[in-house]
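Raw query.cif, mmCIF, C-alpha atoms:
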```cif
data_target
#
loop_
_atom_site.group_PDB
_atom_site.id
_atom_site.type_symbol
_atom_site.label_atom_id
_atom_site.label_comp_id
_atom_site.auth_asym_id
_atom_site.auth_seq_id
_atom_site.Cartn_x
_atom_site.Cartn_y
_atom_site.Cartn_z
ATOM 1 C CA MET F 1 27.873 -43.903 -67.925
ATOM 2 C CA GLN F 2 24.259 -44.754 -67.259
ATOM 3 C CA VAL F 3 21.340 -43.059 -65.536
ATOM 4 C CA LEU F 4 17.965 -44.521 -64.694
ATOM 5 C CA PHE F 5 14.560 -43.489 -65.992
ATOM 6 C CA HIS F 6 11.848 -45.164 -63.920
ATOM 7 C CA ASP F 7 14.494 -47.699 -62.850
ATOM 8 C CA GLN F 8 15.383 -48.538 -66.482
ATOM 9 C CA PRO F 9 19.059 -47.932 -67.364
ATOM 10 C CA LEU F 10 19.889 -45.480 -70.157
ATOM 11 C CA ASP F 11 23.349 -44.889 -71.625
ATOM 12 C CA LEU F 12 24.762 -41.399 -72.026
ATOM 13 C CA VAL F 13 26.678 -40.774 -75.277
ATOM 14 C CA GLY F 14 29.915 -40.557 -73.295
ATOM 15 C CA GLU F 15 31.468 -39.665 -69.971
ATOM 16 C CA PRO F 16 29.976 -36.390 -68.686
ATOM 17 C CA LEU F 17 32.052 -33.466 -67.482
ATOM 18 C CA ALA F 18 33.492 -33.751 -63.983
ATOM 19 C CA ASP F 19 34.951 -31.204 -61.566
ATOM 20 C CA GLY F 20 38.029 -29.553 -63.061
ATOM 21 C CA ALA F 21 36.891 -30.014 -66.667
ATOM 22 C CA GLU F 22 36.648 -27.059 -69.024
ATOM 23 C CA LEU F 23 33.227 -26.236 -70.410
ATOM 24 C CA PRO F 24 33.318 -27.452 -74.038
ATOM 25 C CA LYS F 25 32.237 -25.422 -77.053
ATOM 26 C CA PHE F 26 28.500 -25.567 -77.756
ATOM 27 C CA LYS F 27 25.663 -23.378 -78.963
ATOM 28 C CA VAL F 28 22.101 -23.193 -77.709
ATOM 29 C CA PHE F 29 19.229 -20.789 -78.378
ATOM 30 C CA THR F 30 17.314 -18.531 -75.991
ATOM 31 C CA THR F 31 13.527 -18.241 -75.942
ATOM 32 C CA HIS F 32 14.032 -15.154 -78.162
ATOM 33 C CA ASN F 33 15.891 -17.336 -80.711
ATOM 34 C CA GLU F 34 19.228 -15.696 -79.896
ATOM 35 C CA LYS F 35 22.319 -17.880 -80.223
ATOM 36 C CA LEU F 36 24.221 -18.422 -76.972
ATOM 37 C CA LYS F 37 27.696 -19.948 -77.180
ATOM 38 C CA THR F 38 30.113 -21.161 -74.541
ATOM 39 C CA LYS F 39 32.189 -17.990 -74.903
ATOM 40 C CA ASP F 40 29.082 -15.939 -73.961
ATOM 41 C CA LEU F 41 29.110 -17.589 -70.532
ATOM 42 C CA LEU F 42 32.727 -16.763 -69.755
ATOM 43 C CA GLY F 43 33.611 -13.833 -67.502
ATOM 44 C CA LYS F 44 31.005 -14.618 -64.853
ATOM 45 C CA PRO F 45 30.310 -17.780 -62.822
ATOM 46 C CA ALA F 46 27.348 -19.833 -64.022
ATOM 47 C CA LEU F 47 24.937 -22.441 -62.726
ATOM 48 C CA ILE F 48 23.725 -24.660 -65.560
ATOM 49 C CA SER F 49 20.591 -26.645 -64.794
ATOM 50 C CA VAL F 50 20.085 -29.438 -67.327
ATOM 51 C CA MET F 51 16.808 -31.306 -67.704
ATOM 52 C CA PRO F 52 15.103 -33.783 -70.017
ATOM 53 C CA ASP F 53 11.794 -31.987 -70.738
ATOM 54 C CA ILE F 54 10.707 -28.612 -69.367
ATOM 55 C CA ASP F 55 7.038 -29.635 -69.721
ATOM 56 C CA THR F 56 7.266 -32.384 -67.093
ATOM 57 C CA ARG F 57 6.637 -32.062 -63.360
ATOM 58 C CA VAL F 58 10.176 -32.558 -62.030
ATOM 59 C CA CYS F 59 11.786 -30.378 -64.709
ATOM 60 C CA SER F 60 9.238 -27.658 -64.027
ATOM 61 C CA ILE F 61 9.967 -27.810 -60.287
ATOM 62 C CA GLN F 62 13.736 -27.762 -60.929
ATOM 63 C CA THR F 63 13.523 -24.703 -63.182
ATOM 64 C CA LYS F 64 11.185 -22.816 -60.851
ATOM 65 C CA LYS F 65 13.412 -23.494 -57.814
ATOM 66 C CA PHE F 66 16.510 -22.109 -59.533
ATOM 67 C CA ASN F 67 14.457 -19.207 -60.922
ATOM 68 C CA GLN F 68 13.462 -18.337 -57.321
ATOM 69 C CA GLN F 69 17.111 -18.372 -56.221
ATOM 70 C CA ALA F 70 18.685 -16.567 -59.186
ATOM 71 C CA ASP F 71 18.026 -13.018 -58.009
ATOM 72 C CA GLN F 72 19.904 -13.775 -54.759
ATOM 73 C CA TYR F 73 23.074 -14.349 -56.808
ATOM 74 C CA PRO F 74 23.346 -11.292 -59.099
ATOM 75 C CA HIS F 75 26.984 -12.111 -59.868
ATOM 76 C CA VAL F 76 26.080 -15.586 -61.229
ATOM 77 C CA GLN F 77 24.436 -16.491 -64.539
ATOM 78 C CA PHE F 78 21.641 -19.052 -64.222
ATOM 79 C CA LEU F 79 20.936 -21.157 -67.289
ATOM 80 C CA ALA F 80 18.291 -23.871 -67.749
ATOM 81 C CA VAL F 81 18.920 -26.251 -70.650
ATOM 82 C CA SER F 82 16.646 -28.818 -72.290
ATOM 83 C CA ASN F 83 16.231 -30.002 -75.844
ATOM 84 C CA ASN F 84 12.633 -28.778 -76.032
ATOM 85 C CA SER F 85 11.937 -26.421 -78.926
ATOM 86 C CA ILE F 86 12.361 -22.678 -78.489
ATOM 87 C CA ALA F 87 8.585 -22.234 -78.898
ATOM 88 C CA ASP F 88 7.820 -24.835 -76.209
ATOM 89 C CA GLN F 89 10.249 -23.187 -73.803
ATOM 90 C CA ALA F 90 8.975 -19.666 -74.513
ATOM 91 C CA GLY F 91 5.390 -20.801 -73.916
ATOM 92 C CA TRP F 92 6.334 -22.554 -70.692
ATOM 93 C CA CYS F 93 8.268 -19.508 -69.392
ATOM 94 C CA ALA F 94 5.347 -17.181 -70.180
ATOM 95 C CA LYS F 95 2.851 -19.510 -68.492
ATOM 96 C CA GLU F 96 5.030 -20.052 -65.395
ATOM 97 C CA GLY F 97 6.389 -16.495 -65.074
ATOM 98 C CA VAL F 98 10.034 -17.602 -65.207
ATOM 99 C CA LYS F 99 12.174 -14.503 -65.794
ATOM 100 C CA ASN F 100 15.174 -14.660 -63.439
ATOM 101 C CA LEU F 101 17.158 -17.226 -65.394
ATOM 102 C CA THR F 102 17.904 -17.854 -69.048
ATOM 103 C CA VAL F 103 16.082 -20.856 -70.489
ATOM 104 C CA VAL F 104 17.809 -22.235 -73.582
ATOM 105 C CA SER F 105 16.991 -24.831 -76.199
ATOM 106 C CA ASP F 106 19.459 -27.515 -77.166
ATOM 107 C CA GLU F 107 17.179 -28.811 -79.904
ATOM 108 C CA GLU F 108 20.259 -29.223 -82.138
ATOM 109 C CA LEU F 109 21.917 -31.282 -79.345
ATOM 110 C CA SER F 110 25.141 -29.265 -79.504
ATOM 111 C CA PHE F 111 25.252 -28.993 -75.688
ATOM 112 C CA GLY F 112 24.100 -32.594 -75.179
ATOM 113 C CA TYR F 113 26.874 -34.054 -77.308
ATOM 114 C CA ALA F 114 29.565 -31.597 -76.124
ATOM 115 C CA THR F 115 28.887 -32.414 -72.459
ATOM 116 C CA ASN F 116 28.013 -36.085 -73.102
ATOM 117 C CA LEU F 117 24.624 -35.617 -71.406
ATOM 118 C CA TYR F 118 22.565 -36.754 -74.390
ATOM 119 C CA LEU F 119 20.582 -39.972 -73.959
ATOM 120 C CA PRO F 120 20.091 -41.325 -77.502
ATOM 121 C CA ASN F 121 17.667 -44.079 -76.464
ATOM 122 C CA ASN F 122 15.471 -41.513 -74.691
ATOM 123 C CA GLY F 123 15.968 -38.586 -77.067
ATOM 124 C CA THR F 124 16.566 -36.178 -74.163
ATOM 125 C CA LEU F 125 19.309 -34.790 -71.984
ATOM 126 C CA ALA F 126 20.131 -36.334 -68.617
ATOM 127 C CA ARG F 127 19.199 -34.347 -65.501
ATOM 128 C CA ALA F 128 22.359 -32.617 -64.273
ATOM 129 C CA ILE F 129 23.692 -29.497 -62.564
ATOM 130 C CA TYR F 130 26.970 -27.783 -63.362
ATOM 131 C CA VAL F 131 28.533 -24.826 -61.600
ATOM 132 C CA VAL F 132 31.371 -23.259 -63.550
ATOM 133 C CA ASP F 133 33.728 -20.439 -62.650
ATOM 134 C CA ALA F 134 34.238 -17.311 -64.744
ATOM 135 C CA ALA F 135 36.909 -19.084 -66.809
ATOM 136 C CA GLY F 136 34.535 -21.949 -67.676
ATOM 137 C CA LYS F 137 36.030 -24.563 -65.346
ATOM 138 C CA VAL F 138 33.576 -26.968 -63.684
ATOM 139 C CA VAL F 139 33.742 -26.518 -59.906
ATOM 140 C CA TYR F 140 30.666 -28.613 -59.055
ATOM 141 C CA HIS F 141 28.636 -31.196 -60.913
ATOM 142 C CA GLU F 142 25.789 -33.562 -60.236
ATOM 143 C CA ILE F 143 24.473 -36.119 -62.680
ATOM 144 C CA VAL F 144 21.165 -37.139 -61.091
ATOM 145 C CA PRO F 145 21.197 -40.969 -61.046
ATOM 146 C CA GLU F 146 17.401 -41.379 -61.442
ATOM 147 C CA MET F 147 15.968 -38.903 -63.929
ATOM 148 C CA THR F 148 12.606 -38.785 -62.183
ATOM 149 C CA HIS F 149 14.308 -37.353 -59.060
ATOM 150 C CA GLU F 150 15.163 -33.729 -58.358
ATOM 151 C CA PRO F 151 18.776 -32.574 -58.097
ATOM 152 C CA ASN F 152 20.433 -31.591 -54.826
ATOM 153 C CA TYR F 153 19.539 -27.883 -54.802
ATOM 154 C CA VAL F 154 21.353 -27.165 -51.537
ATOM 155 C CA ALA F 155 24.661 -28.609 -52.750
ATOM 156 C CA ALA F 156 24.406 -26.731 -56.052
ATOM 157 C CA LEU F 157 23.678 -23.415 -54.337
ATOM 158 C CA ASP F 158 26.381 -24.078 -51.733
ATOM 159 C CA ALA F 159 28.858 -24.392 -54.625
ATOM 160 C CA LEU F 160 28.047 -20.778 -55.506
ATOM 161 C CA ALA F 161 29.271 -19.550 -52.096
ATOM 162 C CA GLN F 162 32.886 -19.532 -53.329
ATOM 163 C CA PHE F 163 31.972 -16.729 -55.744
ATOM 164 C CA GLU F 164 30.620 -14.297 -53.134
#
```
Kindly transcribe the structure held in the file into structure tokens.
Amino acid sequence: MQVLFHDQPLDLVGEPLADGAELPKFKVFTTHNEKLKTKDLLGKPALISVMPDIDTRVCSIQTKKFNQQADQYPHVQFLAVSNNSIADQAGWCAKEGVKNLTVVSDEELSFGYATNLYLPNNGTLARAIYVVDAAGKVVYHEIVPEMTHEPNYVAALDALAQFE
């Protein structure tokens, strides 16, 4: 599969997860350098917001928008994933006041390869949204076709309605 970055095609490492797929095993690290594994997400629905670089305009907007919504869904885990370093993410969160969702680093690319969202020619993750149920099954996904565009926030949040 390909996505565009400023209209230039980029290949993902494989076919990304689709609705009905099980969340694969991966590990990422929180801004406090705590390991977070797939199994830590099970037991509660989750919205996983994936972005190329938290320090860019669109990624910043994406993370802030989900951060603003997270407290309205106390029964859902909100996760923001990029392959920025833990230090970069912690600094960004402190500067932007992001506290309602968990920002995690996939600097080791465990998540990127497990979900096939890694873009080797760009060195980043593709912009995507996943909503998974408490058992880890994907119930909604969006792979944003042009990485410089924002995801469909309304559709992603609408997918959470089934968990109310």
Excluding range 72-75 of chain F and residues on its chain fewer than 6 positions from it, collect all residues at most 12 Å away from it, counting all atoms listed in the file, and give them as a PyMOL selection string. chain F and resi 43-47+66+100-101+133-134+157-164
For a test of reading the model, state the distance in Å between CA of Asp40 in chain F and CA of Ala135 in chain F, rounded to one decimal. 11.1 Å
Would you list the residues near (31.2, -26.4, -58.2), meaning any protein, DNA or RNA residue with an atom at most 8 Å from that point in file coordinates, counting all atoms listed in the file, as a PyMOL selection string? chain F and resi 19+130-133+138-141+156+159-160
Please list as a list in words every residue within 12 Å of Glu150 in chain F, counting all atoms listed in the file and excluding residues in the same chain fewer than 4 positions away.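 Returned residues: Ser49, Val50, Met51, Pro52, Thr56, Arg57, Val58, Cys59, Ser60, Ile61, Gln62, Thr63, Lys64, Lys65, Phe66, Ala126, Arg127, Ala128, Ile129, Glu142, Ile143, Val144, Pro145, Glu146, Val154 and Ala156 of chain F.
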Selected residue, from F:Gly136, F:Ala155, F:Val13, F:Val98, that lies nearest to Gln68 in chain F when counting all atoms listed in the file: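 Residue with the minimum atom-to-atom distance to Gln68 in chain F: F:Val98.
Here CA of Leu12 in chain F and CA of Tyr113 in chain F stand 9.3 Å from one another.
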Selected residue of minimal separation from Ala18 in chain F among F:Leu42, F:Leu117, F:Ala94, F:Met147, counting all atoms listed in the file: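 Selected residue with least distance to Ala18 in chain F: F:Leu117.
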Given the PyMOL selection byres ((chain F and resi 102) around 10) and the file above, list the residues it selects as a PyMOL selection string. chain F and resi 29-31+48+67+70+77-81+93+98-101+103-104
Would you mind listing what lies within 12 Å of Asn122 in chain F as a ChimeraX atom specification, with all atoms listed in the file counted and same-chain residues fewer than 3 positions away left out? /F:2-6,8-13,52-53,83,117-119,125-126,147
Please produce an output containing C-alpha atoms for each residue in the selection, written as a PDB file, in the coordinates of the input.
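Below is the file that was written, selection32.pdb:
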```pdb
ATOM      1  CA  GLN F   2      24.259 -44.754 -67.259  1.00  0.00           C
ATOM      2  CA  VAL F   3      21.340 -43.059 -65.536  1.00  0.00           C
ATOM      3  CA  LEU F   4      17.965 -44.521 -64.694  1.00  0.00           C
ATOM      4  CA  PHE F   5      14.560 -43.489 -65.992  1.00  0.00           C
ATOM      5  CA  HIS F   6      11.848 -45.164 -63.920  1.00  0.00           C
ATOM      6  CA  GLN F   8      15.383 -48.538 -66.482  1.00  0.00           C
ATOM      7  CA  PRO F   9      19.059 -47.932 -67.364  1.00  0.00           C
ATOM      8  CA  LEU F  10      19.889 -45.480 -70.157  1.00  0.00           C
ATOM      9  CA  ASP F  11      23.349 -44.889 -71.625  1.00  0.00           C
ATOM     10  CA  LEU F  12      24.762 -41.399 -72.026  1.00  0.00           C
ATOM     11  CA  VAL F  13      26.678 -40.774 -75.277  1.00  0.00           C
ATOM     12  CA  PRO F  52      15.103 -33.783 -70.017  1.00  0.00           C
ATOM     13  CA  ASP F  53      11.794 -31.987 -70.738  1.00  0.00           C
ATOM     14  CA  ASN F  83      16.231 -30.002 -75.844  1.00  0.00           C
ATOM     15  CA  LEU F 117      24.624 -35.617 -71.406  1.00  0.00           C
ATOM     16  CA  TYR F 118      22.565 -36.754 -74.390  1.00  0.00           C
ATOM     17  CA  LEU F 119      20.582 -39.972 -73.959  1.00  0.00           C
ATOM     18  CA  LEU F 125      19.309 -34.790 -71.984  1.00  0.00           C
ATOM     19  CA  ALA F 126      20.131 -36.334 -68.617  1.00  0.00           C
ATOM     20  CA  MET F 147      15.968 -38.903 -63.929  1.00  0.00           C
TER      21      MET F 147
END
```
